[in-house]
$ cat upload.pdb   # PDB, C-alpha atoms
ATOM      1  CA  MET B   1      -2.110  24.031 -26.491
ATOM      2  CA  ILE B   2      -3.546  26.430 -23.935
ATOM      3  CA  LEU B   3      -7.142  25.461 -24.766
ATOM      4  CA  SER B   4      -9.014  22.529 -26.223
ATOM      5  CA  ARG B   5     -11.973  24.776 -27.199
ATOM      6  CA  PRO B   6     -12.739  28.523 -27.291
ATOM      7  CA  VAL B   7     -14.830  28.442 -24.122
ATOM      8  CA  LEU B   8     -12.370  28.343 -21.212
ATOM      9  CA  ALA B   9     -12.823  26.131 -18.185
ATOM     10  CA  PHE B  10     -11.446  28.594 -15.683
ATOM     11  CA  LEU B  11     -10.200  27.619 -12.248
ATOM     12  CA  LEU B  12     -12.004  29.418  -9.466
ATOM     13  CA  PHE B  13     -10.329  30.638  -6.338
ATOM     14  CA  GLY B  14     -11.616  30.001  -2.824
ATOM     15  CA  MET B  15     -13.125  32.190  -0.171
ATOM     16  CA  THR B  16     -12.889  35.954  -0.435
ATOM     17  CA  ALA B  17     -11.496  37.881   2.533
ATOM     18  CA  CYS B  18     -13.758  40.461   4.132
ATOM     19  CA  ALA B  19     -12.795  43.990   3.141
ATOM     20  CA  THR B  20     -12.790  45.139   6.744
ATOM     21  CA  ALA B  21     -10.843  42.195   8.200
ATOM     22  CA  PRO B  22      -7.227  42.640   9.363
ATOM     23  CA  LEU B  23      -4.967  42.307   6.357
ATOM     24  CA  PRO B  24      -1.641  40.466   6.328
ATOM     25  CA  PRO B  25       1.377  42.210   4.798
ATOM     26  CA  ALA B  26       1.085  43.030   1.100
ATOM     27  CA  ALA B  27       4.684  42.118   0.321
ATOM     28  CA  GLU B  28       3.931  38.582  -0.848
ATOM     29  CA  VAL B  29       4.749  39.714  -4.399
ATOM     30  CA  GLN B  30       7.936  41.690  -4.941
ATOM     31  CA  PRO B  31       7.343  44.082  -7.850
ATOM     32  CA  PRO B  32      10.141  45.228 -10.130
ATOM     33  CA  PRO B  33      10.709  48.993 -10.467
ATOM     34  CA  PRO B  34       8.159  50.648 -12.768
ATOM     35  CA  VAL B  35       9.282  51.581 -16.269
ATOM     36  CA  MET B  36       9.583  55.362 -16.683
ATOM     37  CA  SER B  37      11.985  58.026 -17.852
ATOM     38  CA  GLU B  38      14.126  59.889 -15.364
ATOM     39  CA  ALA B  39      12.117  63.045 -16.059
ATOM     40  CA  ALA B  40       8.878  61.190 -15.277
ATOM     41  CA  ARG B  41      10.373  59.745 -12.101
ATOM     42  CA  GLN B  42      11.422  63.195 -10.901
ATOM     43  CA  LEU B  43       7.938  64.553 -11.624
ATOM     44  CA  HIS B  44       6.338  61.712  -9.645
ATOM     45  CA  GLU B  45       8.745  62.290  -6.763
ATOM     46  CA  ARG B  46       7.842  65.982  -6.665
ATOM     47  CA  ASN B  47       4.130  65.209  -6.803
ATOM     48  CA  LEU B  48       4.531  62.661  -4.012
ATOM     49  CA  ALA B  49       6.413  65.168  -1.856
ATOM     50  CA  GLU B  50       3.550  67.649  -2.301
ATOM     51  CA  ALA B  51       0.984  64.977  -1.472
ATOM     52  CA  ARG B  52       2.895  63.941   1.631
ATOM     53  CA  SER B  53       3.126  67.567   2.769
ATOM     54  CA  ALA B  54      -0.639  67.987   2.355
ATOM     55  CA  TYR B  55      -1.247  64.760   4.271
ATOM     56  CA  GLU B  56       1.048  65.765   7.127
ATOM     57  CA  LYS B  57      -0.886  69.016   7.505
ATOM     58  CA  SER B  58      -4.276  67.229   7.483
ATOM     59  CA  PRO B  59      -3.766  63.486   8.147
ATOM     60  CA  ASP B  60      -7.485  62.863   8.585
ATOM     61  CA  ASP B  61      -8.499  64.556   5.332
ATOM     62  CA  ALA B  62      -9.873  61.968   2.908
ATOM     63  CA  ASP B  63      -8.602  63.718  -0.218
ATOM     64  CA  ALA B  64      -5.111  64.062   1.276
ATOM     65  CA  ILE B  65      -5.048  60.314   1.999
ATOM     66  CA  ILE B  66      -6.296  59.477  -1.494
ATOM     67  CA  TRP B  67      -3.633  61.540  -3.221
ATOM     68  CA  LEU B  68      -0.848  60.295  -0.959
ATOM     69  CA  GLY B  69      -1.839  56.735  -1.856
ATOM     70  CA  ARG B  70      -2.162  57.390  -5.567
ATOM     71  CA  ARG B  71       1.125  59.295  -5.807
ATOM     72  CA  THR B  72       2.892  56.540  -3.866
ATOM     73  CA  ALA B  73       1.555  53.886  -6.241
ATOM     74  CA  TYR B  74       2.812  55.725  -9.331
ATOM     75  CA  LEU B  75       6.353  55.108  -8.065
ATOM     76  CA  GLY B  76       5.729  51.381  -7.646
ATOM     77  CA  ARG B  77       5.563  51.398  -3.833
ATOM     78  CA  TYR B  78       2.512  49.172  -3.766
ATOM     79  CA  ALA B  79       2.809  47.661  -0.283
ATOM     80  CA  GLU B  80       3.087  51.181   1.140
ATOM     81  CA  THR B  81       0.102  52.186  -0.977
ATOM     82  CA  ILE B  82      -1.998  49.362   0.475
ATOM     83  CA  ALA B  83      -1.137  50.563   3.978
ATOM     84  CA  ILE B  84      -2.145  54.149   3.134
ATOM     85  CA  PHE B  85      -5.544  53.152   1.769
ATOM     86  CA  SER B  86      -6.065  50.762   4.680
ATOM     87  CA  GLU B  87      -5.540  53.722   7.012
ATOM     88  CA  GLY B  88      -7.993  55.685   4.886
ATOM     89  CA  ALA B  89     -10.592  52.923   5.112
ATOM     90  CA  ARG B  90     -10.271  52.882   8.906
ATOM     91  CA  LYS B  91     -10.645  56.665   9.145
ATOM     92  CA  HIS B  92     -13.370  56.925   6.489
ATOM     93  CA  PRO B  93     -15.256  53.590   6.451
ATOM     94  CA  LEU B  94     -18.090  54.987   4.305
ATOM     95  CA  ASP B  95     -15.801  56.517   1.660
ATOM     96  CA  ALA B  96     -15.854  54.083  -1.253
ATOM     97  CA  ARG B  97     -12.777  55.684  -2.796
ATOM     98  CA  MET B  98     -10.474  54.066  -0.242
ATOM     99  CA  LEU B  99     -11.585  50.560  -1.187
ATOM    100  CA  ARG B 100     -11.758  51.393  -4.883
ATOM    101  CA  HIS B 101      -8.071  52.400  -4.879
ATOM    102  CA  ARG B 102      -6.945  49.641  -2.522
ATOM    103  CA  GLY B 103      -8.785  47.116  -4.705
ATOM    104  CA  HIS B 104      -6.923  48.425  -7.750
ATOM    105  CA  ARG B 105      -3.574  47.875  -6.040
ATOM    106  CA  TRP B 106      -4.534  44.432  -4.795
ATOM    107  CA  ILE B 107      -4.912  43.596  -8.491
ATOM    108  CA  THR B 108      -1.423  44.971  -9.145
ATOM    109  CA  LEU B 109      -0.081  42.682  -6.407
ATOM    110  CA  ARG B 110      -1.958  39.673  -7.860
ATOM    111  CA  GLN B 111      -4.204  39.455  -4.790
ATOM    112  CA  PHE B 112      -7.393  38.995  -6.773
ATOM    113  CA  ASP B 113      -9.617  37.695  -3.970
ATOM    114  CA  ARG B 114      -8.751  40.698  -1.818
ATOM    115  CA  ALA B 115      -9.418  42.995  -4.757
ATOM    116  CA  VAL B 116     -12.873  41.465  -5.214
ATOM    117  CA  ALA B 117     -13.658  41.882  -1.503
ATOM    118  CA  ASP B 118     -12.690  45.573  -1.516
ATOM    119  CA  LEU B 119     -14.409  46.419  -4.786
ATOM    120  CA  GLU B 120     -17.632  44.592  -3.932
ATOM    121  CA  HIS B 121     -17.723  46.533  -0.657
ATOM    122  CA  ALA B 122     -17.070  49.777  -2.559
ATOM    123  CA  ALA B 123     -19.918  48.959  -4.963
ATOM    124  CA  LEU B 124     -22.280  48.562  -2.009
ATOM    125  CA  LEU B 125     -21.184  51.913  -0.591
ATOM    126  CA  VAL B 126     -22.050  53.787  -3.811
ATOM    127  CA  ARG B 127     -25.259  51.923  -4.626
ATOM    128  CA  GLY B 128     -28.117  54.359  -5.175
ATOM    129  CA  LYS B 129     -25.858  57.418  -4.964
ATOM    130  CA  LEU B 130     -25.090  59.985  -7.635
ATOM    131  CA  ASP B 131     -21.912  59.206  -9.535
ATOM    132  CA  GLU B 132     -18.938  61.578  -9.503
ATOM    133  CA  ILE B 133     -16.077  62.321 -11.867
ATOM    134  CA  GLU B 134     -12.807  60.827 -10.678
ATOM    135  CA  PRO B 135      -9.891  63.227 -11.219
ATOM    136  CA  ASP B 136      -6.947  61.869 -13.181
ATOM    137  CA  GLY B 137      -3.664  61.380 -11.415
ATOM    138  CA  LEU B 138      -1.971  61.160 -14.805
ATOM    139  CA  PRO B 139      -3.981  63.571 -17.007
ATOM    140  CA  ASN B 140      -4.570  62.712 -20.671
ATOM    141  CA  ALA B 141      -3.536  64.941 -23.585
ATOM    142  CA  ARG B 142      -6.721  67.046 -23.328
ATOM    143  CA  ASN B 143      -6.730  67.127 -19.511
ATOM    144  CA  ILE B 144     -10.313  65.831 -19.567
ATOM    145  CA  PRO B 145     -11.171  63.113 -17.002
ATOM    146  CA  THR B 146     -12.911  60.216 -18.735
ATOM    147  CA  SER B 147     -13.993  58.011 -15.831
ATOM    148  CA  THR B 148     -16.122  58.194 -12.707
ATOM    149  CA  LEU B 149     -15.928  56.660  -9.262
ATOM    150  CA  GLN B 150     -18.654  54.134 -10.035
ATOM    151  CA  SER B 151     -17.327  53.196 -13.470
ATOM    152  CA  ASN B 152     -13.891  52.612 -11.958
ATOM    153  CA  ILE B 153     -15.277  50.484  -9.148
ATOM    154  CA  HIS B 154     -17.185  48.241 -11.559
ATOM    155  CA  TYR B 155     -14.343  48.199 -14.108
ATOM    156  CA  HIS B 156     -11.775  47.011 -11.591
ATOM    157  CA  LEU B 157     -14.233  44.581 -10.004
ATOM    158  CA  GLY B 158     -14.893  43.058 -13.421
ATOM    159  CA  LEU B 159     -11.165  42.783 -14.049
ATOM    160  CA  ALA B 160     -10.536  41.101 -10.685
ATOM    161  CA  HIS B 161     -13.274  38.527 -11.375
ATOM    162  CA  TYR B 162     -11.887  37.983 -14.880
ATOM    163  CA  LEU B 163      -8.363  37.417 -13.603
ATOM    164  CA  ARG B 164      -9.511  34.897 -11.009
ATOM    165  CA  GLY B 165     -11.543  33.083 -13.651
ATOM    166  CA  ASP B 166     -15.119  33.944 -12.705
ATOM    167  CA  LEU B 167     -16.495  35.000 -16.080
ATOM    168  CA  SER B 168     -20.142  35.213 -15.030
ATOM    169  CA  ARG B 169     -19.412  37.686 -12.263
ATOM    170  CA  ALA B 170     -16.983  39.577 -14.486
ATOM    171  CA  LEU B 171     -19.758  39.940 -17.052
ATOM    172  CA  GLU B 172     -22.139  41.261 -14.408
ATOM    173  CA  ALA B 173     -19.580  43.839 -13.234
ATOM    174  CA  TYR B 174     -18.820  45.056 -16.761
ATOM    175  CA  ARG B 175     -22.517  45.406 -17.527
ATOM    176  CA  ALA B 176     -22.726  47.636 -14.448
ATOM    177  CA  CYS B 177     -19.658  49.517 -15.677
ATOM    178  CA  ALA B 178     -21.230  50.029 -19.105
ATOM    179  CA  SER B 179     -24.410  51.389 -17.509
ATOM    180  CA  VAL B 180     -22.470  54.333 -16.009
ATOM    181  CA  SER B 181     -20.014  54.814 -18.910
ATOM    182  CA  THR B 182     -21.419  57.545 -21.108
ATOM    183  CA  ASN B 183     -18.439  59.019 -22.968
ATOM    184  CA  PRO B 184     -16.606  57.259 -25.837
ATOM    185  CA  ASP B 185     -13.650  56.250 -23.646
ATOM    186  CA  GLY B 186     -15.914  54.567 -21.124
ATOM    187  CA  VAL B 187     -17.941  52.906 -23.861
ATOM    188  CA  VAL B 188     -14.935  51.336 -25.585
ATOM    189  CA  SER B 189     -13.224  50.170 -22.385
ATOM    190  CA  SER B 190     -16.318  48.457 -20.989
ATOM    191  CA  SER B 191     -17.311  47.150 -24.431
ATOM    192  CA  TYR B 192     -13.915  45.536 -24.961
ATOM    193  CA  TRP B 193     -14.223  43.428 -21.820
ATOM    194  CA  LEU B 194     -17.891  42.672 -22.415
ATOM    195  CA  TYR B 195     -17.130  41.450 -25.920
ATOM    196  CA  SER B 196     -14.158  39.337 -24.800
ATOM    197  CA  ILE B 197     -16.055  37.721 -21.941
ATOM    198  CA  LEU B 198     -19.096  36.939 -24.074
ATOM    199  CA  ARG B 199     -16.857  35.342 -26.725
ATOM    200  CA  ARG B 200     -15.159  33.223 -24.072
ATOM    201  CA  LEU B 201     -18.563  32.153 -22.806
ATOM    202  CA  GLY B 202     -19.551  31.142 -26.334
ATOM    203  CA  ARG B 203     -22.343  33.750 -26.482
ATOM    204  CA  GLU B 204     -21.451  35.029 -29.938
ATOM    205  CA  ASP B 205     -24.771  36.680 -30.803
ATOM    206  CA  GLU B 206     -24.585  38.824 -27.666
ATOM    207  CA  ALA B 207     -20.949  39.606 -28.400
ATOM    208  CA  ARG B 208     -21.862  40.880 -31.875
ATOM    209  CA  GLU B 209     -24.465  43.169 -30.311
ATOM    210  CA  VAL B 210     -21.710  44.783 -28.229
ATOM    211  CA  LEU B 211     -19.879  45.702 -31.440
ATOM    212  CA  GLU B 212     -22.858  47.346 -33.164
ATOM    213  CA  PRO B 213     -22.381  50.898 -31.775
ATOM    214  CA  ILE B 214     -18.595  50.868 -32.208
ATOM    215  CA  ARG B 215     -17.413  53.143 -35.021
ATOM    216  CA  ALA B 216     -13.989  54.264 -36.263
ATOM    217  CA  GLU B 217     -14.915  57.941 -35.917
ATOM    218  CA  MET B 218     -15.641  57.764 -32.159
ATOM    219  CA  ASP B 219     -13.892  60.600 -30.285
ATOM    220  CA  VAL B 220     -11.765  58.452 -27.997
ATOM    221  CA  ILE B 221      -9.225  60.385 -25.926
ATOM    222  CA  GLU B 222      -7.205  57.821 -23.978
ATOM    223  CA  ASN B 223      -8.572  54.316 -24.612
ATOM    224  CA  GLY B 224      -7.458  54.104 -28.216
ATOM    225  CA  THR B 225      -6.062  50.609 -27.721
ATOM    226  CA  TYR B 226      -9.461  49.194 -26.729
ATOM    227  CA  HIS B 227     -11.024  51.080 -29.630
ATOM    228  CA  LYS B 228      -8.582  49.453 -32.074
ATOM    229  CA  LEU B 229      -9.250  46.010 -30.605
ATOM    230  CA  LEU B 230     -13.000  46.432 -30.988
ATOM    231  CA  LEU B 231     -12.530  47.586 -34.590
ATOM    232  CA  MET B 232     -10.335  44.499 -35.109
ATOM    233  CA  ALA B 233     -13.192  42.352 -33.820
ATOM    234  CA  ARG B 234     -15.437  44.082 -36.377
ATOM    235  CA  GLY B 235     -12.964  43.119 -39.115
ATOM    236  CA  GLU B 236     -11.599  46.653 -39.603
ATOM    237  CA  HIS B 237      -8.055  45.935 -38.387
ATOM    238  CA  ASP B 238      -5.787  42.998 -39.210
ATOM    239  CA  PRO B 239      -4.875  40.997 -36.053
ATOM    240  CA  ALA B 240      -1.450  40.102 -37.463
ATOM    241  CA  ALA B 241      -0.649  43.780 -38.020
ATOM    242  CA  LEU B 242      -1.788  44.743 -34.516
ATOM    243  CA  ALA B 243       0.391  41.973 -33.078
ATOM    244  CA  VAL B 244       3.545  43.914 -34.019
ATOM    245  CA  GLN B 245       4.024  45.915 -30.837
ATOM    246  CA  ASP B 246       6.639  47.247 -28.440
ATOM    247  CA  VAL B 247       6.288  45.300 -25.182
ATOM    248  CA  SER B 248       8.039  48.060 -23.255
ATOM    249  CA  THR B 249       4.916  50.250 -23.499
ATOM    250  CA  VAL B 250       1.522  49.891 -21.822
ATOM    251  CA  ASP B 251      -0.263  50.419 -25.147
ATOM    252  CA  GLY B 252       1.912  47.753 -26.729
ATOM    253  CA  VAL B 253       1.095  45.066 -24.169
ATOM    254  CA  THR B 254      -2.588  46.057 -24.164
ATOM    255  CA  LEU B 255      -2.819  45.509 -27.912
ATOM    256  CA  LEU B 256      -0.775  42.308 -27.748
ATOM    257  CA  TYR B 257      -2.997  40.854 -25.042
ATOM    258  CA  GLY B 258      -6.120  41.841 -26.952
ATOM    259  CA  VAL B 259      -4.866  40.173 -30.120
ATOM    260  CA  GLY B 260      -3.767  37.100 -28.164
ATOM    261  CA  ASN B 261      -7.161  36.973 -26.509
ATOM    262  CA  TRP B 262      -8.809  37.137 -29.942
ATOM    263  CA  TYR B 263      -6.678  34.220 -31.139
ATOM    264  CA  LEU B 264      -7.561  32.336 -27.967
ATOM    265  CA  TYR B 265     -11.334  32.469 -28.317
ATOM    266  CA  ASN B 266     -11.014  31.803 -32.050
ATOM    267  CA  GLY B 267      -9.279  28.500 -31.340
ATOM    268  CA  GLN B 268      -5.685  29.510 -32.203
ATOM    269  CA  SER B 269      -4.228  28.845 -28.770
ATOM    270  CA  ALA B 270      -0.624  28.309 -29.877
ATOM    271  CA  ARG B 271      -0.504  31.787 -31.406
ATOM    272  CA  ALA B 272      -2.169  33.205 -28.291
ATOM    273  CA  GLU B 273       0.439  31.621 -26.054
ATOM    274  CA  GLU B 274       3.222  33.063 -28.199
ATOM    275  CA  LEU B 275       1.858  36.592 -27.731
ATOM    276  CA  PHE B 276       1.263  36.136 -24.012
ATOM    277  CA  ARG B 277       4.884  35.041 -23.603
ATOM    278  CA  GLN B 278       6.075  38.123 -25.461
ATOM    279  CA  ILE B 279       4.172  40.267 -22.980
ATOM    280  CA  ILE B 280       5.556  38.677 -19.823
ATOM    281  CA  ALA B 281       9.092  38.827 -21.242
ATOM    282  CA  GLY B 282       8.736  42.620 -21.230
ATOM    283  CA  PRO B 283       8.990  45.123 -18.378
ATOM    284  CA  GLN B 284       5.367  46.301 -17.958
ATOM    285  CA  TRP B 285       4.776  44.226 -14.825
ATOM    286  CA  ALA B 286       2.035  46.459 -13.398
ATOM    287  CA  ALA B 287      -0.031  46.777 -16.594
ATOM    288  CA  PHE B 288      -3.393  45.015 -16.503
ATOM    289  CA  SER B 289      -2.665  43.248 -19.786
ATOM    290  CA  PHE B 290       0.632  41.916 -18.416
ATOM    291  CA  ILE B 291      -1.240  40.566 -15.378
ATOM    292  CA  ALA B 292      -3.885  39.028 -17.648
ATOM    293  CA  ALA B 293      -1.289  37.341 -19.868
ATOM    294  CA  GLU B 294       0.497  36.041 -16.786
ATOM    295  CA  ALA B 295      -2.801  34.683 -15.438
ATOM    296  CA  GLU B 296      -3.555  32.905 -18.727
ATOM    297  CA  LEU B 297      -0.215  31.124 -18.727
ATOM    298  CA  THR B 298      -0.283  30.303 -15.015
ATOM    299  CA  ARG B 299      -3.855  29.039 -15.154
ATOM    300  CA  HIS B 300      -2.959  26.564 -17.847
ATOM    301  CA  GLY B 301       0.297  25.427 -16.289
ATOM    302  CA  ARG B 302       2.595  27.311 -18.647
ATOM    303  CA  GLY B 303       3.946  30.030 -16.405
ATOM    304  CA  ASP B 304       7.680  30.330 -15.902
TER     305      ASP B 304
END
$ encode --input "upload.pdb" --output "structure tokens"
Amino acid sequence: MILSRPVLAFLLFGMTACATAPLPPAAEVQPPPPVMSEAARQLHERNLAEARSAYEKSPDDADAIIWLGRRTAYLGRYAETIAIFSEGARKHPLDARMLRHRGHRWITLRQFDRAVADLEHAALLVRGKLDEIEPDGLPNARNIPTSTLQSNIHYHLGLAHYLRGDLSRALEAYRACASVSTNPDGVVSSSYWLYSILRRLGREDEAREVLEPIRAEMDVIENGTYHKLLLMARGEHDPAALAVQDVSTVDGVTLLYGVGNWYLYNGQSARAEELFRQIIAGPQWAAFSFIAAEAELTRHGRGD
């Protein structure tokens, strides 16, 4: 059994490193190559070459640094990405984007304390400022960006807290994320984590309130997996049916983790563990749901 009751007794990590302190090498975790088609790889290589050319022409330009880092990360070169955003943070210490993106990639490398430090610092830098749309590096089918700088900071901060086991602080971050998430994609992504955390905390009445505005007809562009999981929580999708997924896809592992999570806080820990193991047997190492499944198993002494 992974759990003895639906409310998890998470293990908390220790001290968080300061976001501006010297950082040791990021190669403590050796990532496998990202899963993509050859056509996608060639596209990412071309985009990276363009980003590098722009950076070489203007190495102090904040946007050039951001895109060099993002394009590098899409090819799975995460340690190099960390170095690029660290350079950006030194050159532009008041630009929250550098820490927002570095925090994201600390999560990818399973460095959750460092992610929290960066993202908390980023949240301070944007406090009281107008929010801004964050352009997509991998545009959705409608080419409409669905997130903002502030929503992404709070989203990733909530995830980092969640992965390190601090549910109270994760809840606080996702409430902040929800407050700046106005379109359907932002609503369903923040609502999914809010609902899951509240269920794990045993606050079922509050969790039900999160589900009240969720409807099947919401115009969700790219977060359809979270939308399906929220509808499942409302009783509109069968968990067993959603558990039949292809673990080689990001959507597949996202749905599998969400279903496993649902089994977990409903007391069916053996079924949850089965789904988490399916996820980590697949290739989507960098997906947030893969990292979450890995954390569940490791936290409870069942990692490989």
$ closest_residue --input "upload.pdb" --among "B:His227, B:Ile65, B:Gly165, B:Gly128" --to "His300 (chain B)" --atoms "all atoms listed in the file"
B:Gly165
$ atom_distance --input "upload.pdb" --atom1 "CA of Leu201 (chain B)" --atom2 "CA of Gly252 (chain B)"
26.0 Å
$ residues_around --input "upload.pdb" --residues "Val220 (chain B)" --least-positions-apart "6" --cutoff "10 Å" --atoms "only C-alpha atoms" --output "JSON, numbers by chain"
{"B": [146, 183, 184, 185, 186, 187, 188, 226, 227]}
$ resolve_selection --input "upload.pdb" --expression "the PyMOL selection byres ((chain B and resi 78) around 12)" --output "number ranges by chain"
B: 25-34, 68-77, 79-85, 101-111, 286
$ axis_aligned_box --input "upload.pdb" --around "region 75-92 of chain B" --padding-each-side "3 Å" --output "AutoDock Vina command-line options"
--center_x -3.5 --center_y 52.3 --center_z 0.5 --size_x 25.7 --size_y 15.3 --size_z 23.2
$ closest_residue --input "upload.pdb" --among "B:Arg208, B:Arg199, B:Arg299, B:Lys57" --to "Asn266 (chain B)" --atoms "all atoms listed in the file"
B:Arg199
$ closest_residue --input "upload.pdb" --among "B:Val35, B:Gly88, B:Asp219, B:Pro135" --to "Ala287 (chain B)" --atoms "all atoms listed in the file"
B:Val35
$ atom_distance --input "upload.pdb" --atom1 "CA of Ala240 (chain B)" --atom2 "CA of Arg277 (chain B)"
16.1 Å
$ closest_residue --input "upload.pdb" --among "B:Val116, B:Trp67, B:Ala293, B:Arg41" --to "Ser53 (chain B)" --atoms "only C-alpha atoms"
B:Trp67
$ residues_around --input "upload.pdb" --residues "Glu273 (chain B)" --least-positions-apart "2" --cutoff "10 Å" --atoms "only C-alpha atoms" --output "MDAnalysis selection string"
chainID B and resid 1:3 257 260:261 263:264 268:271 275:279 293 296:297 302
$ atom_distance --input "upload.pdb" --atom1 "CA of Leu167 (chain B)" --atom2 "CA of Ile291 (chain B)"
16.3 Å
$ resolve_selection --input "upload.pdb" --expression "the PyMOL selection byres ((chain B and resi 169) around 12)" --output "list in words"
Leu12, Val116, Glu120, His154, Tyr155, Leu157, Gly158, Leu159, Ala160, His161, Tyr162, Leu163, Arg164, Gly165, Asp166, Leu167, Ser168, Ala170, Leu171, Glu172, Ala173, Tyr174, Arg175, Ala176, Leu194, Ile197, Leu198 and Leu201 of chain B
$ closest_residue --input "upload.pdb" --among "B:Arg215, B:Arg200, B:Arg142, B:Arg100" --to "Ala117 (chain B)" --atoms "all atoms listed in the file"
B:Arg100
